[in-house]
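Participant: Sending over run.txt (compact mmCIF, C-alpha atoms).
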# COMPACT_ATOMS: atom_id res chain seq x y z
CA MET J 7 20.95 15.91 -3.85
CA ASP J 8 19.05 18.77 -2.21
CA LEU J 9 18.71 16.70 0.97
CA LEU J 10 22.45 16.04 1.17
CA THR J 11 23.66 19.53 0.28
CA ARG J 12 21.28 21.12 2.82
CA SER J 13 22.49 18.70 5.50
CA PHE J 14 26.28 18.50 5.05
CA ASP J 15 29.21 20.51 3.70
CA ALA J 16 31.47 19.30 0.90
CA VAL J 17 28.92 16.93 -0.60
CA PRO J 18 30.40 15.34 -3.74
CA ASP J 19 28.53 15.23 -7.02
CA LEU J 20 25.65 12.83 -7.38
CA THR J 21 26.19 10.51 -10.32
CA VAL J 22 23.26 9.14 -12.28
CA THR J 23 24.21 6.22 -14.52
CA PRO J 24 21.46 4.87 -16.77
CA TYR J 25 22.02 1.80 -18.92
CA ARG J 26 19.10 0.34 -20.84
CA GLU J 27 16.19 0.10 -18.37
CA ARG J 28 18.41 0.26 -15.27
CA VAL J 29 19.84 3.19 -13.35
CA VAL J 30 22.39 3.52 -10.56
CA ILE J 31 22.35 6.72 -8.51
CA LYS J 32 25.11 7.33 -6.01
CA THR J 33 27.51 9.91 -4.68
CA SER J 34 30.81 10.29 -6.44
CA ASP J 35 34.09 9.44 -4.72
CA ASP J 36 33.74 7.60 -1.41
CA GLY J 37 30.55 9.41 -0.44
CA VAL J 38 29.65 12.34 1.77
CA PRO J 39 32.51 13.17 4.15
CA LEU J 40 31.49 12.94 7.81
CA THR J 41 33.39 15.29 10.07
CA ILE J 42 33.63 16.27 13.73
CA SER J 43 34.89 19.81 14.38
CA GLY J 44 36.05 19.85 10.78
CA ASN J 45 38.14 16.69 11.02
CA LEU J 46 37.30 13.79 8.72
CA TYR J 47 36.20 10.60 10.47
CA GLY J 48 33.96 8.81 8.04
CA TRP J 49 31.67 8.84 5.06
CA LEU J 50 28.07 8.28 4.13
CA ARG J 51 27.62 6.43 0.86
CA PRO J 52 24.06 6.39 -0.48
CA SER J 53 23.55 4.15 -3.49
CA PHE J 54 20.33 3.32 -5.32
CA GLN J 55 19.88 0.62 -7.94
CA CYS J 56 16.66 1.33 -9.82
CA ARG J 57 14.79 0.29 -12.92
CA PHE J 58 12.15 2.04 -14.98
CA ASP J 59 8.63 0.66 -14.69
CA HIS J 60 6.95 -0.92 -17.71
CA VAL J 61 5.95 2.44 -19.17
CA GLY J 62 9.30 4.02 -18.46
CA HIS J 63 7.92 6.81 -16.30
CA CYS J 64 8.78 5.80 -12.73
CA LEU J 65 11.91 4.47 -11.14
CA ALA J 66 11.36 1.46 -8.90
CA ILE J 67 13.99 0.79 -6.25
CA HIS J 68 15.70 -2.57 -6.64
CA LYS J 69 18.28 -1.93 -3.96
CA ALA J 70 19.08 1.00 -1.68
CA ASN J 71 22.19 1.01 0.45
CA PHE J 72 23.20 3.71 2.92
CA TRP J 73 26.62 2.81 4.26
CA ILE J 74 28.22 4.72 7.10
CA GLY J 75 31.93 4.02 6.98
CA SER J 76 35.15 4.82 8.75
CA SER J 77 37.75 6.86 6.90
CA LYS J 78 40.37 5.21 9.12
CA THR J 79 39.64 1.59 8.17
CA ARG J 80 37.83 2.39 4.89
CA SER J 81 35.24 -0.18 5.96
CA PRO J 82 31.55 0.16 6.84
CA LEU J 83 30.50 0.73 10.43
CA ILE J 84 26.75 0.53 9.88
CA ARG J 85 24.93 -0.57 6.74
CA PHE J 86 21.29 0.37 6.17
CA GLU J 87 20.23 -1.83 3.26
CA TYR J 88 17.08 -2.55 1.29
CA GLU J 89 16.73 -5.20 -1.39
CA TYR J 90 13.41 -5.68 -3.14
CA GLU J 91 14.10 -9.25 -4.18
CA SER J 92 15.82 -10.45 -1.03
CA ARG J 93 15.11 -14.16 -0.51
CA THR J 94 16.36 -14.95 2.98
CA ALA J 95 17.49 -11.77 4.70
CA PRO J 96 14.84 -9.18 5.65
CA HIS J 97 14.13 -6.94 2.66
CA SER J 98 15.05 -3.94 4.77
CA HIS J 99 17.71 -4.42 7.40
CA ILE J 100 20.66 -2.94 9.24
CA GLN J 101 24.04 -4.62 9.59
CA ILE J 102 26.30 -3.34 12.33
CA HIS J 103 30.05 -3.88 12.24
CA ALA J 104 30.63 -4.04 15.95
CA GLU J 105 31.48 -6.49 18.69
CA SER J 106 29.54 -7.75 21.67
CA GLY J 107 31.00 -10.50 23.79
CA VAL J 108 27.64 -11.25 25.39
CA LEU J 109 25.80 -11.49 22.09
CA SER J 110 28.57 -13.59 20.51
CA SER J 111 28.36 -15.92 23.51
CA LEU J 112 24.60 -16.23 23.04
CA LEU J 113 25.03 -16.95 19.32
CA THR J 114 27.71 -19.54 20.05
CA ARG J 115 25.35 -21.39 22.38
CA ALA J 116 22.69 -21.22 19.66
CA ARG J 117 25.19 -22.83 17.23
CA HIS J 118 25.20 -19.79 14.94
CA THR J 119 27.69 -20.26 12.12
CA THR J 120 29.47 -16.92 12.62
CA PRO J 121 28.89 -15.96 16.25
CA HIS J 122 31.91 -13.67 16.33
CA ASP J 123 30.79 -11.57 13.34
CA LEU J 124 27.79 -9.47 14.31
CA SER J 125 27.75 -7.81 10.89
CA LYS J 126 26.33 -11.08 9.53
CA LEU J 127 23.14 -10.43 11.49
CA HIS J 128 20.40 -8.62 9.54
CA LEU J 129 18.39 -6.49 11.95
CA PRO J 130 14.93 -6.19 10.35
CA THR J 131 13.55 -2.68 9.89
CA GLY J 132 9.93 -2.76 8.78
CA GLY J 133 9.92 -4.39 5.35
CA SER J 134 9.56 -2.63 2.02
CA ARG J 135 7.01 -0.01 2.98
CA PHE J 136 8.02 0.98 6.49
CA ARG J 137 11.77 0.93 6.07
CA PRO J 138 14.12 3.71 7.12
CA ASN J 139 15.00 6.22 4.44
CA LEU J 140 18.03 8.40 3.83
CA GLU J 141 16.40 11.18 5.85
CA ASP J 142 16.37 8.92 8.92
CA VAL J 143 20.03 8.03 8.46
CA ILE J 144 20.99 11.70 8.17
CA GLN J 145 19.05 12.61 11.31
CA PHE J 146 20.69 9.68 13.11
CA LEU J 147 24.15 10.91 12.11
CA ILE J 148 23.45 14.46 13.20
CA GLU J 149 21.34 14.04 16.34
CA GLU J 150 22.59 10.74 17.71
CA CYS J 151 26.19 10.71 16.48
CA ARG J 152 26.61 14.49 16.72
CA LEU J 153 28.47 14.91 13.46
CA ASP J 154 29.08 18.24 11.74
CA HIS J 155 26.13 19.49 9.74
CA ARG J 156 24.63 22.51 8.07
CA ASP J 157 22.02 24.66 9.82
CA THR J 158 19.50 23.82 7.12
CA TRP J 159 19.57 20.06 7.77
CA ARG J 160 16.36 19.79 9.77
CA ALA J 161 14.19 21.60 7.23
CA ALA J 162 15.72 19.46 4.48
CA VAL J 163 15.05 16.24 6.36
CA ASN J 164 11.49 17.28 7.19
CA ASP J 165 10.73 18.32 3.60
CA HIS J 166 12.06 15.13 2.07
CA ARG J 167 10.70 12.82 4.76
CA ALA J 168 7.20 14.29 4.30
CA GLU J 169 7.37 13.54 0.58
CA TRP J 170 8.71 10.02 1.24
CA ARG J 171 5.89 9.28 3.69
CA ARG J 172 3.27 10.49 1.20
CA VAL J 173 4.68 8.24 -1.51
CA GLN J 174 4.93 5.25 0.82
CA THR J 175 1.39 5.80 2.13
CA ARG J 176 0.04 5.66 -1.42
CA ALA J 177 2.06 2.51 -2.03
CA VAL J 178 0.65 0.88 1.12
CA ALA J 179 -2.89 1.81 0.03
CA ARG J 180 -2.29 0.18 -3.36
CA ALA J 181 -0.92 -2.96 -1.70
CA MET J 182 -3.80 -3.24 0.81
CA PRO J 183 -6.72 -1.33 -0.72
CA ALA J 184 -9.45 -2.83 1.47
CA GLU J 185 -7.61 -1.72 4.59
CA ALA J 186 -7.09 1.75 3.13
CA ALA J 187 -10.80 1.98 2.25
CA ARG J 188 -11.78 0.84 5.75
CA ALA J 189 -9.63 3.51 7.36
CA LEU J 190 -11.10 6.17 5.09
CA ARG J 191 -14.67 5.06 5.82
CA GLU J 192 -13.93 5.32 9.54
CA LEU J 193 -12.96 8.94 8.86
CA GLY J 194 -16.27 9.61 7.11
CA TYR J 195 -15.19 9.22 3.50
CA LYS J 196 -17.47 7.40 1.08
CA VAL J 197 -15.35 4.80 -0.64
CA THR J 198 -16.77 2.53 -3.30
CA PRO J 199 -14.88 -0.64 -4.23
CA PRO J 200 -14.47 -1.53 -7.90
CA ALA J 201 -17.15 -3.68 -9.55
CA THR J 202 -14.91 -6.69 -9.10
CA GLY J 203 -14.85 -6.17 -5.34
CA ASP J 204 -12.03 -5.33 -2.99
CA PRO J 205 -8.74 -6.53 -4.45
CA GLU J 206 -6.89 -9.04 -2.33
CA PRO J 207 -3.95 -7.58 -0.43
CA LYS J 208 -0.58 -8.42 -1.86
CA PRO J 209 0.90 -11.25 0.23
CA LYS J 210 4.32 -9.65 0.29
CA ALA J 211 2.86 -6.51 1.83
CA LEU J 212 1.27 -8.57 4.59
CA THR J 213 3.95 -11.06 5.50
CA ALA J 214 7.38 -10.23 4.07
CA TRP J 215 9.88 -9.02 6.63
CA MET D 181 25.67 18.98 -8.59
CA THR D 182 24.19 16.01 -10.38
CA LYS D 183 26.10 14.44 -13.24
CA THR D 184 24.66 11.96 -15.70
CA ASP D 185 26.96 9.34 -17.15
CA PHE D 186 25.99 7.29 -20.20
CA PRO D 187 28.39 4.32 -20.19
CA THR D 188 28.76 1.65 -22.85
CA ARG D 189 28.89 -2.03 -21.93
CA GLU D 190 32.57 -2.07 -22.90
CA ARG D 191 33.41 0.85 -20.62
CA MET D 192 31.65 -0.78 -17.67
CA GLU D 193 33.44 -4.08 -18.29
CA ASP D 194 36.76 -2.24 -18.51
CA ARG D 195 36.01 -0.43 -15.26
CA ARG D 196 35.25 -3.75 -13.57
CA SER D 197 38.54 -5.21 -14.81
CA GLU D 198 40.37 -2.12 -13.55
CA ILE D 199 38.85 -2.45 -10.05
CA LEU D 200 39.77 -6.13 -9.84
CA ALA D 201 43.29 -5.48 -11.14
CA ASP D 202 43.78 -2.82 -8.44
CA LEU D 203 42.72 -5.35 -5.80
CA GLY D 204 44.70 -8.13 -7.42
CA ILE D 205 41.91 -10.73 -7.16
CA SER D 206 39.34 -12.34 -9.43
CA VAL D 207 35.66 -11.46 -9.35
CA GLU D 208 34.93 -14.97 -8.02
CA GLU D 209 37.33 -14.42 -5.13
CA LEU D 210 35.81 -11.01 -4.38
CA VAL D 211 32.30 -12.49 -4.38
CA ARG D 212 33.45 -15.31 -2.09
CA ARG D 213 35.10 -12.87 0.30
CA ALA D 214 31.95 -10.73 0.37
CA GLU D 215 29.71 -13.72 1.04
CA GLU D 216 32.03 -15.00 3.77
CA GLY D 217 32.22 -11.58 5.41
CA GLU D 218 35.95 -11.33 4.77
CA LEU D 219 36.12 -7.97 3.01
CA VAL D 220 38.57 -5.45 4.44
CA GLY D 221 39.46 -1.82 3.73
CA ASP D 222 39.20 -0.74 0.10
CA GLU D 223 37.62 -4.06 -0.84
CA TRP D 224 34.30 -2.80 0.54
CA LEU D 225 33.92 0.12 -1.84
CA ALA D 226 35.30 -2.00 -4.66
CA TRP D 227 32.67 -4.63 -3.92
CA ALA D 228 29.94 -1.99 -3.89
CA GLU D 229 31.01 -0.68 -7.30
CA ILE D 230 31.38 -4.18 -8.76
CA GLU D 231 27.86 -4.99 -7.59
CA GLU D 232 26.48 -1.78 -9.13
CA LEU D 233 28.21 -2.50 -12.44
CA GLY D 234 26.83 -6.04 -12.40
CA TYR D 235 23.34 -4.67 -11.86
CA LEU D 236 23.62 -2.26 -14.77
CA LEU D 237 24.98 -5.05 -16.98
CA GLY D 238 21.96 -7.19 -16.10
CA GLU D 239 23.96 -9.92 -14.38
Show the structure stored in the file as structure tokens.
Facilitator:
Amino acid sequence: MDLLTRSFDAVPDLTVTPYRERVVIKTSDDGVPLTISGNLYGWLRPSFQCRFDHVGHCLAIHKANFWIGSSKTRSPLIRFEYEYESRTAPHSHIQIHAESGVLSSLLTRARHTTPHDLSKLHLPTGGSRFRPNLEDVIQFLIEECRLDHRDTWRAAVNDHRAEWRRVQTRAVARAMPAEAARALRELGYKVTPPATGDPEPKPKALTAW
Amino acid sequence: MTKTDFPTRERMEDRRSEILADLGISVEELVRRAEEGELVGDEWLAWAEIEELGYLLGE
């Protein structure tokens, strides 16, 4: 919430809805209004589907969607999506609701089933651990798309991104401990593996897209 | 501001029915339209909320 309210005006309430071990966190209404010179052109709708871990202390992300939409068509323009259990599409991906005659032509020649609909393409974005976060989307909207923003946005993005990167770095170290230990040894740390030896890296961390 | 909502299963099922009634289609039709990339306008946000409710309901 702090990230959004320090970045944009008129941020709606954040709604936290827990039910049993699951939680949905999202903005109320359509999302955060996106304006240019005060005029409404779109919305940013962050939505997180989470579940408590086995001890009920931490929320694990099942799905995180950051949709940028048009207030004119009430449809998404760009969808940044992450799904932990995705089976075919990249776990982290971007779907763009746009048109490109050249790309559609290429897809037609490749016998793609929906060459005219580029939003069906899932542009991969680094897998579970190196995926874009809400901070990146906000910076994209402000710096690249030049939307209205609050003066405090950059400090907010930096603060929250730094915390995100710390959390993700620890998660990467847990998924690939031998690699983490090797990097630390190269820096001069003394790292001792457990008695059972270096744990094997988690396959998903190595190969999932 | 952050609000916490503690819904019952019945309230979430009622909300889902209300969304579908507003759109005038069944949940199966909405799922099919989403999978086929045929959603338009308000159907997008309706689909997002239906999916979130389904997640909370463990479906």
Participant: Residues of chain J within 6 Å of chain D, counting all atoms listed in the file - could you list those as a PyMOL selection string?
Facilitator: chain J and resi 19-23+28+79-81
Participant: Could you state the separation of CA of Trp159 in chain J and CA of Phe14 in chain J in Å, given to one decimal place?
Facilitator: 7.4 Å
Participant: Could you tell me how far CA of Ala66 in chain J lies from CA of Arg191 in chain D, in Å and to one decimal?
Facilitator: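 Pair CA of Ala66 in chain J / CA of Arg191 in chain D returns 25.0 Å.
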Participant: Smallest atom-to-atom distance to Val17 in chain J: which of J:His122, J:His155, J:His103, J:Lys78, using all atoms listed in the file?
Facilitator: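 Once distances to Val17 in chain J are computed over all atoms listed in the file, the minimum belongs to J:His155.
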Participant: Could you state the separation of CA of Thr33 in chain J and CA of Trp215 in chain J in Å, given to one decimal place?
Facilitator: 28.2 Å
Participant: Using all atoms listed in the file, determine which residues lie at most 7 Å from Arg57 in chain J, disregarding the query and same-chain residues fewer than 5 positions distant; provide the list as a list in words.
Facilitator: Glu27, Arg28, Val29, Leu65, Ala66, Ile67 and His68 of chain J
Participant: With C-alpha atoms retained, write the just-selected residues as a compact mmCIF listing (two decimals), in the frame of the given file.
Facilitator:
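Writing done, so here's again-v2.txt:
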# COMPACT_ATOMS: atom_id res chain seq x y z
CA GLU J 27 16.19 0.10 -18.37
CA ARG J 28 18.41 0.26 -15.27
CA VAL J 29 19.84 3.19 -13.35
CA LEU J 65 11.91 4.47 -11.14
CA ALA J 66 11.36 1.46 -8.90
CA ILE J 67 13.99 0.79 -6.25
CA HIS J 68 15.70 -2.57 -6.64
Participant: Please list as a ChimeraX atom specification every residue within 12 Å of Arg135 in chain J, counting all atoms listed in the file and excluding residues in the same chain fewer than 4 positions away.
Facilitator: /J:67,88-90,97-98,131,139,170-182,210-215
Participant: Pull C-alpha atoms from the residues just selected and write them as a CSV table (one decimal), in the frame of the given file.
Facilitator:
chain,number,residue,atom,x,y,z
J,67,ILE,CA,14.0,0.8,-6.2
J,88,TYR,CA,17.1,-2.6,1.3
J,89,GLU,CA,16.7,-5.2,-1.4
J,90,TYR,CA,13.4,-5.7,-3.1
J,97,HIS,CA,14.1,-6.9,2.7
J,98,SER,CA,15.0,-3.9,4.8
J,131,THR,CA,13.6,-2.7,9.9
J,139,ASN,CA,15.0,6.2,4.4
J,170,TRP,CA,8.7,10.0,1.2
J,171,ARG,CA,5.9,9.3,3.7
J,172,ARG,CA,3.3,10.5,1.2
J,173,VAL,CA,4.7,8.2,-1.5
J,174,GLN,CA,4.9,5.2,0.8
J,175,THR,CA,1.4,5.8,2.1
J,176,ARG,CA,0.0,5.7,-1.4
J,177,ALA,CA,2.1,2.5,-2.0
J,178,VAL,CA,0.6,0.9,1.1
J,179,ALA,CA,-2.9,1.8,0.0
J,180,ARG,CA,-2.3,0.2,-3.4
J,181,ALA,CA,-0.9,-3.0,-1.7
J,182,MET,CA,-3.8,-3.2,0.8
J,210,LYS,CA,4.3,-9.6,0.3
J,211,ALA,CA,2.9,-6.5,1.8
J,212,LEU,CA,1.3,-8.6,4.6
J,213,THR,CA,4.0,-11.1,5.5
J,214,ALA,CA,7.4,-10.2,4.1
J,215,TRP,CA,9.9,-9.0,6.6
Participant: For a quick check of your reading of the model, name the residues lying within 6 Å of the coordinate (24.1, 8.7, -1.2), counting all atoms listed in the file, and write them as a PyMOL selection string.
Facilitator: chain J and resi 32-33+51-53
Participant: Considering all atoms listed in the file, state which residue in the set J:Val30, J:Ala95, J:Ala184, J:Val108 is at the smallest distance from Glu206 in chain J.
Facilitator: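 Going through J:Val30, J:Ala95, J:Ala184, J:Val108 one by one, the smallest distance to Glu206 in chain J is for J:Ala184.
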